[in-house]
Amino acid sequence: MDSQPPLPEMHQPPPSASAAVIDDAAYFRQNEARRLTDLVTSSQSRPLHVHSIRIDGITHTRSTLVEQLVSPILQSETLGDVIAESREACQRLNRLGVFRDVAVTLDTPPRGVEAGGAAGVGRELVDVVLTVKEGPRFYARTGADFSNYDTTTNITTKISNALGGGEYLEANASYAVQPGVALNESAAAFASETGSYFQLLASKPLLPTPRFRRANRADPEARIEVAAYNTNRNAQLHQSHDEQTKGLAVRYKTADPYYGNHEFAYDVAWRHLHNIAADASGSIRKDAGHTLKSALSHSFTRDHRDDPMLPTQGTYVRVREELAGLGGDVQFAKGEAEGQYIRNLGHGFTLSSTLRAGLLMPLPNSTKPIRVNDRFVLGGPNSVRGFAQSGVGPVDKKDSLGGTAYYALGLSLFAPLPRLADKPIKAHFFANAGSLLPSTISTSTTIATPTPTTPATQFSTLLSSPPSVSAGVGLAVRFSILRLELNYCLPLVARAGDRMAGGLQFGVGVSYM
């Protein structure tokens, strides 16, 4: 039997020379990075004395201001201190809002320089070099927002670092054009956005005194602002009037990414309810005319969501209190709160739950009525879906009258779409519920329940009545500055006076239930 010839041996082709060079270069870079990391880590306690701090790139910013923010670096005693304090200084400079880029370099001082003072004896000297790049001082932006109900054009101009200390001057204006007929009932969501708005704002940072070995989040950004504004709001579709407001506000703001943001404000505003529709209700006509509002307010916001428009995880808290009655024609105390919890279920699914509540009460011994433009309203594509804008609660003829207490609940499930899992569009399943407590108002069609006199009895009355409920399915699309929703809504429970908006409902906004 003839033997078969041996099979030829199979060999892998040798790697090309270029691939070997690339592998060697990558290995060298990784090795060098690891070596430098180990060197810095092992040298954290190495004694050092900062000889000087040099700041390069300053053009319009006051050098004394920058020196104040970086001064704790001079107290460093080790290499670890120098690195940590330099990092903190860079963050303080970034939060000033005038620098586009901040970098730090450690250098050796010139030869012949010796440590001065007892603190530097026996320690190696180092110079810290901060290189900054200032951002543009003048900024202007124009834009347009479109919906199926109106078109809004806006312009913003800003002068940054106006006096060299992080101050800025800003002017913004917007104008909304309302077509004669809405494309559908859900377009009423944008009724309150028609009109015009103008604001002139001056802002100045209030810088804390930085301290050595103190966490950066212990130095929140703080600003004081003074603003003058003029607004014209069209509320014809659901409240049969226009409102003009001219005011002056002083605000103190703090911003901290860990603990949250606070705003304290005093606002005095002259308000005019005018252009009353011919078929307006008596409740609207009663509140027409001029009022002067003088109010103190506080708001707190903490946003730990991974995306404010279409989040996949995190929490959000917002609280606002207002006290009106320091002079003027209106006297009340008002509080509102919102909480949101978002949980990532995996595989592209997200569950979001939201709770909102508000309470409005007259001040003790006050004889001033709570006017329609100060009350809460509820309903619409951004709150309780499946109802018209401001469509939950009492009405007089076609006018929504609002209320003095409310709560709203929202539960949403976002799911990936086939072949679009990596796109900013999700399927949306939701259920909403909410209730609004009427004010003490006698209308031409109904007699509202009198408002209780204490917060406990107000919420007890509110919770004792069944809420308005809806559910539905649709699409949610994320854009950089807003979220768009198109939902098919089914109202499940409605109370007397509610205006339902079942079927397709379109919403655009930045805050949703």
# chains A, B, ... in the order shown; residues from 1 in each chain; ligands from 1
>>> select_by_dssp(residues="range 333-464 of chain A", states="strand (DSSP E)", output="PyMOL selection string")
chain A and resi 333-346+349-362+395-396+399-400+403-415+425-438
>>> closest_residue(among="A:Asn154, A:Gln340, A:Ser160, A:Gln505", to="Pro136 in chain A", atoms="only C-alpha atoms")
A:Ser160
>>> residues_around(residues="range 416-419 of chain A", least_positions_apart="3", cutoff="9 Å", atoms="only C-alpha atoms", output="MDAnalysis selection string")
chainID A and resid 347:349 422:423 425:427
>>> closest_residue(among="A:Thr245, A:Asn94, A:Ser353, A:Thr156", to="Gly135 in chain A", atoms="only C-alpha atoms")
A:Asn94
>>> select_by_dssp(residues="range 174-399 of chain A", states="alpha helix (DSSP H)", output="ChimeraX atom specification")
/A:236-239,282-287
